[in-house]
Number of protein chains: 2
Amino acid sequence: MAQADGGTPRERYRAQVREEVKRHAREQIATAGASALSLNAIAKQMGLSGPALYRYYAGRDELITELVRDAYRSLADVLAVGAEGGADLPALAHALRRWALADPQRYFLIYGTPVPGYHAPPDTTAISAEIMTILLDACAAALADRPAREPAPTALAAHLADHRDWAFGNPAPPEALHLFLTLWTRLHGVLSLELAGHFTGMGFDPARLYEAEVADLTTPRG
Amino acid sequence: MAQADGGTPRERYRAQVREEVKRHAREQIATAGASALSLNAIAKQMGLSGPALYRYYAGRDELITELVRDAYRSLADVLAVGAEGGADLPALAHALRRWALADPQRYFLIYGTPVPGYHAPPDTTAISAEIMTILLDACAAALADRPAREPAPTALAAHLADHRDWAFGNPAPPEALHLFLTLWTRLHGVLSLELAGHFTGMGFDPARLYEAEVADLTTPRG
DNA sequence: CAGGTTCAGTGATAGCCTCTAACTAATTCT
DNA sequence: AGAATTAGTTAGAGGCTATCACTGAACCTG
């Protein structure tokens, strides 16, 4: 993993160590949450002494930012592969759920509690836009497949038609914008509460709730 | 605030200091997030020296737990007052949104990224159940007001009918259980993404999206 | 291959933090 | 008034982030 050889041996070594640091970091985050991530502890686990890691990462923040970037990248890739393979909206929704369940803390790295000061670097938000584009396109495609029998555009769709800056140049119709936002927020709603454990002990199967939301999303209203 | 006089002067003083500690803690959390909360910093702000606060809170965790409890209590009270006043589902939904927007980090204290190890104490989960009961009752009432013309109970409702342990003794019909879960997850979906800032720069008005979800929730499907 | 440069890794240190322990001083109770 | 309780103190252990100055190895170049 991590393209085997990049250039000079030193560069390769650097990349290798950076990768190993991230491996430990991911493990630490998965078991104790992002706030418990400690450069010091990682260094010790790798048999290094504290400050050594500062050769590889400028600080804790940079490491976390890189993990956030990786998380975005990973999700974008999963969805892109699905979309290329002709996956429809429900298939993408389930790919998202599988991805989230595989590593809940990775999901929260992206969609969890924000740190008030923090602003994601531009390249990260670019990947976020990539993700939204994939889902938005899928929404537009889903609507195109539907028997066009909605003479009453929703009020929200009209509002979105006037404020579509975020769908940078995407030719999706207003209804698709509406569908996308609804998809995003509803899936996130179920997923984040499930991953946060708010359903544990309730007895029911969250997968069914998710399934019901997906079904509702892909069934035109009467 | 904080019932003026409790008993011995010492007890009153204790309660007063505990309250002041929480005040500073809330402020700190609101501006820098829960992970940045520091007992030491609070002590200095209060003109005390570090360890003094350990007379009032066993540690950082206990303080945070109390803030979580207060947050639950505050939300439960807001909703209870609304429900007593005869508020319907949309009114409760808007009360929830107002409460969340008033202090986003307080919302995340409850519904944000979980700390893997942490388990909320029983009294806290009891308040959570209180909140769910209010909303569930409102859902049942909303359904009762609807023209009863749904011969096809949803598959999810059937599943929930078999797994209704969590609605401890609540006589709500399965459809109400379904509606409640949908309400909860959808509202949380919009709210948490909005509060986390994922809509900033998108140009549209999150309130309209929220409004659309509320409307959808309270309109029977055809 | 010799010599200079670059860079990984080190220990020391400053400055935060949580939390414990021992002590002082004020308050309250009897 | 004397005894018991308790608020607050300093000191300190151990953790963390991060900087700095240094050593020693790897690398490149003439």
# chains A, B, ... in the order shown; residues from 1 in each chain; ligands from 1

$ residues_around --residues "range 7-22 of chain D" --least-positions-apart "6" --cutoff "12 Å" --atoms "only C-alpha atoms (C1' of nucleotides)" --output "compact mmCIF listing (two decimals) with C-alpha atoms (C1' of nucleotides), in the first residue's frame"
# COMPACT_ATOMS: atom_id res chain seq x y z
CA ALA A 36 -7.21 11.13 22.68
CA LEU A 37 -4.71 11.08 19.84
CA SER A 38 -1.18 11.57 21.18
CA LEU A 39 1.92 12.07 19.07
CA ASN A 40 3.99 11.07 22.05
CA ALA A 41 2.21 7.77 22.49
CA GLY A 50 8.89 12.00 21.46
CA PRO A 51 10.12 14.81 19.25
CA ALA A 52 11.18 12.45 16.45
CA LEU A 53 7.74 12.59 14.91
CA TYR A 54 8.02 16.31 14.37
CA ARG A 55 10.34 15.44 11.48
CA TYR A 57 4.40 16.05 10.92
CA ALA A 58 4.50 19.70 11.88
CA GLY A 59 2.26 18.91 14.82
CA ARG A 60 -0.81 17.15 16.05
CA ASP A 61 -3.08 19.31 13.94
CA ARG B 10 -21.71 26.00 53.34
CA TYR B 13 -21.65 28.40 48.94
CA ARG B 14 -20.71 25.05 47.43
CA VAL B 17 -19.17 27.85 43.28
CA ALA B 43 -9.58 27.88 38.25
CA GLY B 47 -8.88 33.55 40.85
CA LEU B 48 -8.24 30.14 42.36
CA SER B 49 -5.22 27.96 42.08
CA GLY B 50 -5.41 24.72 40.10
CA PRO B 51 -6.30 21.92 42.49
CA ALA B 52 -8.91 23.99 44.34
CA LEU B 53 -11.59 22.88 41.89
CA TYR B 54 -11.13 19.26 42.89
CA ARG B 55 -13.04 20.16 46.05
CA TYR B 56 -16.04 20.71 43.80
C1' DG C 9 16.81 10.84 15.83
C1' DT C 10 18.38 12.28 20.54
C1' DG C 11 18.10 14.62 25.27
C1' DA C 12 17.00 18.88 27.56
C1' DT C 13 13.71 22.21 28.35
C1' DA C 14 9.53 25.26 28.63
C1' DG C 15 4.90 25.38 29.35
C1' DC C 16 0.63 23.42 29.34
C1' DC C 17 -2.50 19.83 31.45
C1' DT C 18 -4.81 16.30 35.26
C1' DC C 19 -4.75 14.77 39.56
C1' DT C 20 -2.75 13.39 44.46
C1' DA C 21 -0.82 14.53 48.85
C1' DA C 22 0.34 17.14 52.74
C1' DC C 23 -0.38 21.25 54.96
C1' DT C 24 -2.64 25.83 56.53
C1' DA C 25 -6.29 28.58 57.76
C1' DA C 26 -10.91 29.66 58.14
C1' DT C 27 -15.59 28.17 59.32

$ calpha_fit_and_write --fixed "chain A" --moving "chain B" --output "CSV table (one decimal) with C-alpha atoms, in the first residue's frame"
chain,number,residue,atom,x,y,z
B,1,MET,CA,-0.2,0.2,-0.1
B,2,ALA,CA,0.9,3.8,-0.6
B,3,GLN,CA,2.5,3.6,-4.0
B,4,ALA,CA,5.5,1.5,-3.4
B,5,ASP,CA,8.3,3.6,-4.7
B,6,GLY,CA,8.3,7.4,-5.1
B,7,GLY,CA,11.8,8.6,-5.8
B,8,THR,CA,14.9,8.8,-3.7
B,9,PRO,CA,15.3,6.2,-1.0
B,10,ARG,CA,14.9,9.0,1.5
B,11,GLU,CA,11.6,10.0,0.1
B,12,ARG,CA,10.5,6.4,0.2
B,13,TYR,CA,11.5,6.0,3.8
B,14,ARG,CA,9.8,9.2,4.7
B,15,ALA,CA,6.5,8.2,3.1
B,16,GLN,CA,6.8,4.8,4.8
B,17,VAL,CA,7.2,6.3,8.2
B,18,ARG,CA,4.4,8.8,7.7
B,19,GLU,CA,2.2,5.9,6.7
B,20,GLU,CA,3.1,4.0,9.8
B,21,VAL,CA,2.4,7.0,12.0
B,22,LYS,CA,-1.0,7.3,10.4
B,23,ARG,CA,-1.6,3.6,11.0
B,24,HIS,CA,-1.0,4.0,14.7
B,25,ALA,CA,-3.0,7.2,14.8
B,26,ARG,CA,-6.0,5.5,13.1
B,27,GLU,CA,-5.9,2.7,15.6
B,28,GLN,CA,-5.7,5.1,18.5
B,29,ILE,CA,-8.6,7.2,17.2
B,30,ALA,CA,-10.7,4.1,16.6
B,31,THR,CA,-10.3,3.0,20.2
B,32,ALA,CA,-10.3,6.2,22.1
B,33,GLY,CA,-11.5,9.0,19.8
B,34,ALA,CA,-9.7,11.7,18.0
B,35,SER,CA,-9.3,13.9,21.1
B,36,ALA,CA,-7.2,11.1,22.7
B,37,LEU,CA,-4.7,11.1,19.9
B,38,SER,CA,-1.2,11.5,21.2
B,39,LEU,CA,1.9,12.0,19.1
B,40,ASN,CA,4.0,11.0,22.0
B,41,ALA,CA,2.2,7.7,22.5
B,42,ILE,CA,2.6,7.0,18.8
B,43,ALA,CA,6.3,7.7,18.9
B,44,LYS,CA,6.7,5.3,21.8
B,45,GLN,CA,4.7,2.6,20.0
B,46,MET,CA,7.1,3.0,17.1
B,47,GLY,CA,10.2,2.7,19.3
B,48,LEU,CA,11.0,6.4,18.8
B,49,SER,CA,11.4,9.1,21.3
B,50,GLY,CA,8.9,11.9,21.5
B,51,PRO,CA,10.0,14.8,19.3
B,52,ALA,CA,11.2,12.5,16.5
B,53,LEU,CA,7.7,12.6,14.9
B,54,TYR,CA,8.0,16.3,14.4
B,55,ARG,CA,10.3,15.5,11.5
B,56,TYR,CA,7.3,14.0,9.8
B,57,TYR,CA,4.4,16.0,10.9
B,58,ALA,CA,4.5,19.7,11.9
B,59,GLY,CA,2.3,18.9,14.8
B,60,ARG,CA,-0.8,17.1,16.1
B,61,ASP,CA,-3.1,19.3,14.0
B,62,GLU,CA,-1.3,18.5,10.7
B,63,LEU,CA,-1.6,14.7,11.5
B,64,ILE,CA,-5.3,15.0,12.2
B,65,THR,CA,-5.8,17.1,9.1
B,66,GLU,CA,-4.2,14.4,7.1
B,67,LEU,CA,-6.4,11.8,8.6
B,68,VAL,CA,-9.4,13.9,7.8
B,69,ARG,CA,-8.2,14.2,4.2
B,70,ASP,CA,-7.6,10.5,4.0
B,71,ALA,CA,-11.1,9.9,5.3
B,72,TYR,CA,-12.7,12.2,2.7
B,73,ARG,CA,-10.5,10.6,0.0
B,74,SER,CA,-11.5,7.1,1.1
B,75,LEU,CA,-15.2,7.9,1.0
B,76,ALA,CA,-15.0,9.7,-2.3
B,77,ASP,CA,-13.2,6.7,-3.8
B,78,VAL,CA,-15.8,4.2,-2.5
B,79,LEU,CA,-18.6,6.3,-3.9
B,80,ALA,CA,-16.8,7.0,-7.2
B,81,VAL,CA,-16.1,3.3,-7.8
B,82,GLY,CA,-19.8,2.6,-7.1
B,83,ALA,CA,-21.0,5.3,-9.4
B,84,GLU,CA,-18.6,4.2,-12.2
B,85,GLY,CA,-19.9,0.8,-11.8
B,86,GLY,CA,-23.4,2.1,-12.5
B,87,ALA,CA,-24.7,2.0,-8.9
B,88,ASP,CA,-28.0,3.7,-8.4
B,89,LEU,CA,-29.0,5.8,-5.4
B,90,PRO,CA,-29.9,2.9,-3.1
B,91,ALA,CA,-26.6,1.2,-3.9
B,92,LEU,CA,-24.6,4.3,-3.2
B,93,ALA,CA,-26.5,4.8,0.1
B,94,HIS,CA,-25.6,1.3,1.2
B,95,ALA,CA,-22.0,1.8,0.1
B,96,LEU,CA,-22.0,4.9,2.4
B,97,ARG,CA,-23.4,2.9,5.3
B,98,ARG,CA,-20.9,0.1,4.9
B,99,TRP,CA,-18.1,2.6,4.8
B,100,ALA,CA,-19.4,4.3,7.9
B,101,LEU,CA,-19.9,1.1,9.9
B,102,ALA,CA,-16.4,-0.1,9.0
B,103,ASP,CA,-14.9,2.7,11.1
B,104,PRO,CA,-17.3,4.9,13.0
B,105,GLN,CA,-14.6,7.3,14.3
B,106,ARG,CA,-13.4,7.9,10.7
B,107,TYR,CA,-17.0,8.9,9.8
B,108,PHE,CA,-17.0,11.3,12.8
B,109,LEU,CA,-13.7,12.7,11.7
B,110,ILE,CA,-15.6,14.1,8.8
B,111,TYR,CA,-19.2,14.5,10.0
B,112,GLY,CA,-18.8,14.7,13.7
B,113,THR,CA,-18.6,17.5,16.2
B,114,PRO,CA,-16.6,20.4,14.7
B,115,VAL,CA,-13.9,22.2,16.6
B,116,PRO,CA,-15.0,25.8,16.7
B,117,GLY,CA,-11.7,27.3,15.5
B,118,TYR,CA,-10.8,24.7,12.8
B,119,HIS,CA,-11.2,25.4,9.1
B,120,ALA,CA,-10.5,22.6,6.7
B,121,PRO,CA,-7.8,23.3,4.1
B,122,PRO,CA,-9.1,23.9,0.5
B,123,ASP,CA,-8.0,20.5,-0.9
B,124,THR,CA,-10.1,18.8,1.7
B,125,THR,CA,-13.2,20.8,0.9
B,126,ALA,CA,-12.5,20.0,-2.7
B,127,ILE,CA,-12.8,16.3,-2.0
B,128,SER,CA,-16.0,17.0,-0.1
B,129,ALA,CA,-17.3,18.7,-3.2
B,130,GLU,CA,-16.3,15.6,-5.2
B,131,ILE,CA,-18.4,13.5,-2.9
B,132,MET,CA,-21.4,15.8,-3.2
B,133,THR,CA,-21.1,15.9,-7.0
B,134,ILE,CA,-21.3,12.1,-7.2
B,135,LEU,CA,-24.4,12.0,-5.0
B,136,LEU,CA,-25.9,14.9,-6.8
B,137,ASP,CA,-25.4,13.3,-10.2
B,138,ALA,CA,-27.0,10.1,-8.9
B,139,CYS,CA,-29.9,12.1,-7.6
B,140,ALA,CA,-30.4,13.8,-11.0
B,141,ALA,CA,-30.2,10.4,-12.7
B,142,ALA,CA,-32.7,8.9,-10.3
B,143,LEU,CA,-35.1,11.7,-11.1
B,144,ALA,CA,-34.6,11.4,-14.8
B,145,ASP,CA,-35.7,7.7,-14.6
B,146,ARG,CA,-38.9,8.6,-12.8
B,147,PRO,CA,-42.1,9.2,-14.7
B,148,ALA,CA,-42.0,13.0,-15.0
B,149,ARG,CA,-45.3,13.8,-13.4
B,150,GLU,CA,-44.6,16.4,-10.8
B,151,PRO,CA,-46.1,19.7,-11.9
B,152,ALA,CA,-45.6,21.2,-8.4
B,153,PRO,CA,-42.0,22.0,-7.8
B,154,THR,CA,-41.4,22.1,-4.1
B,155,ALA,CA,-41.0,25.5,-2.4
B,156,LEU,CA,-37.5,24.4,-1.3
B,157,ALA,CA,-36.6,23.4,-4.8
B,158,ALA,CA,-37.5,26.9,-6.0
B,159,HIS,CA,-35.3,28.4,-3.2
B,160,LEU,CA,-32.5,26.1,-4.2
B,161,ALA,CA,-32.8,27.1,-7.8
B,162,ASP,CA,-32.0,30.6,-6.7
B,163,HIS,CA,-29.1,29.5,-4.5
B,164,ARG,CA,-27.3,26.9,-6.4
B,165,ASP,CA,-23.8,28.4,-6.2
B,166,TRP,CA,-22.6,25.3,-4.3
B,167,ALA,CA,-23.5,22.9,-7.1
B,168,PHE,CA,-20.7,24.6,-9.1
B,169,GLY,CA,-21.9,24.4,-12.7
B,170,ASN,CA,-23.8,21.1,-12.2
B,171,PRO,CA,-26.8,21.2,-14.5
B,172,ALA,CA,-28.9,19.2,-12.1
B,173,PRO,CA,-32.5,20.4,-11.9
B,174,PRO,CA,-33.7,22.1,-8.7
B,175,GLU,CA,-35.6,18.9,-7.7
B,176,ALA,CA,-32.3,17.0,-7.8
B,177,LEU,CA,-30.7,19.6,-5.5
B,178,HIS,CA,-33.6,19.1,-3.1
B,179,LEU,CA,-33.4,15.4,-3.4
B,180,PHE,CA,-29.6,15.5,-2.8
B,181,LEU,CA,-29.9,17.6,0.4
B,182,THR,CA,-32.7,15.4,1.7
B,183,LEU,CA,-30.7,12.3,0.9
B,184,TRP,CA,-27.6,13.7,2.6
B,185,THR,CA,-29.3,14.9,5.8
B,186,ARG,CA,-31.5,11.9,6.2
B,187,LEU,CA,-28.8,9.3,5.7
B,188,HIS,CA,-26.5,11.2,8.0
B,189,GLY,CA,-29.3,11.5,10.6
B,190,VAL,CA,-29.8,7.8,10.9
B,191,LEU,CA,-26.1,6.9,10.5
B,192,SER,CA,-24.7,9.4,13.0
B,193,LEU,CA,-27.2,8.5,15.7
B,194,GLU,CA,-26.6,4.8,15.1
B,195,LEU,CA,-22.8,5.2,15.1
B,196,ALA,CA,-23.0,7.3,18.2
B,197,GLY,CA,-24.8,4.5,19.9
B,198,HIS,CA,-28.1,6.3,20.5
B,199,PHE,CA,-30.0,3.3,19.3
B,200,THR,CA,-28.2,0.7,21.4
B,201,GLY,CA,-30.5,-1.0,23.8
B,202,MET,CA,-33.5,0.0,21.8
B,203,GLY,CA,-33.9,-3.4,20.4
B,204,PHE,CA,-34.8,-2.5,16.8
B,205,ASP,CA,-32.5,-2.9,13.8
B,206,PRO,CA,-31.0,0.4,12.6
B,207,ALA,CA,-30.4,-1.2,9.2
B,208,ARG,CA,-34.2,-1.4,8.7
B,209,LEU,CA,-34.6,2.2,9.6
B,210,TYR,CA,-31.9,3.1,7.1
B,211,GLU,CA,-33.5,0.9,4.6
B,212,ALA,CA,-36.9,2.6,5.1
B,213,GLU,CA,-35.3,6.0,4.6
B,214,VAL,CA,-33.6,4.9,1.4
B,215,ALA,CA,-36.9,3.5,0.2
B,216,ASP,CA,-38.7,6.7,1.0
B,217,LEU,CA,-36.1,8.7,-0.8
B,218,THR,CA,-36.4,6.7,-3.9
B,219,THR,CA,-40.1,6.6,-4.0
B,220,PRO,CA,-41.9,9.6,-5.5
B,221,ARG,CA,-44.4,11.2,-3.3
B,222,GLY,CA,-48.1,11.3,-4.3

$ atom_distance --atom1 "C1' of DG30 in chain D" --atom2 "C1' of DC7 in chain C"
21.2 Å

$ residues_around --residues "DT29 in chain D" --least-positions-apart "3" --cutoff "12 Å" --atoms "only C-alpha atoms (C1' of nucleotides)" --output "list in words"
DC1, DA2, DG3, DG4 and DT5 of chain C

$ residues_around --residues "DA4 in chain D" --least-positions-apart "5" --cutoff "12 Å" --atoms "only C-alpha atoms (C1' of nucleotides)" --output "PyMOL selection string"
chain C and resi 27-30
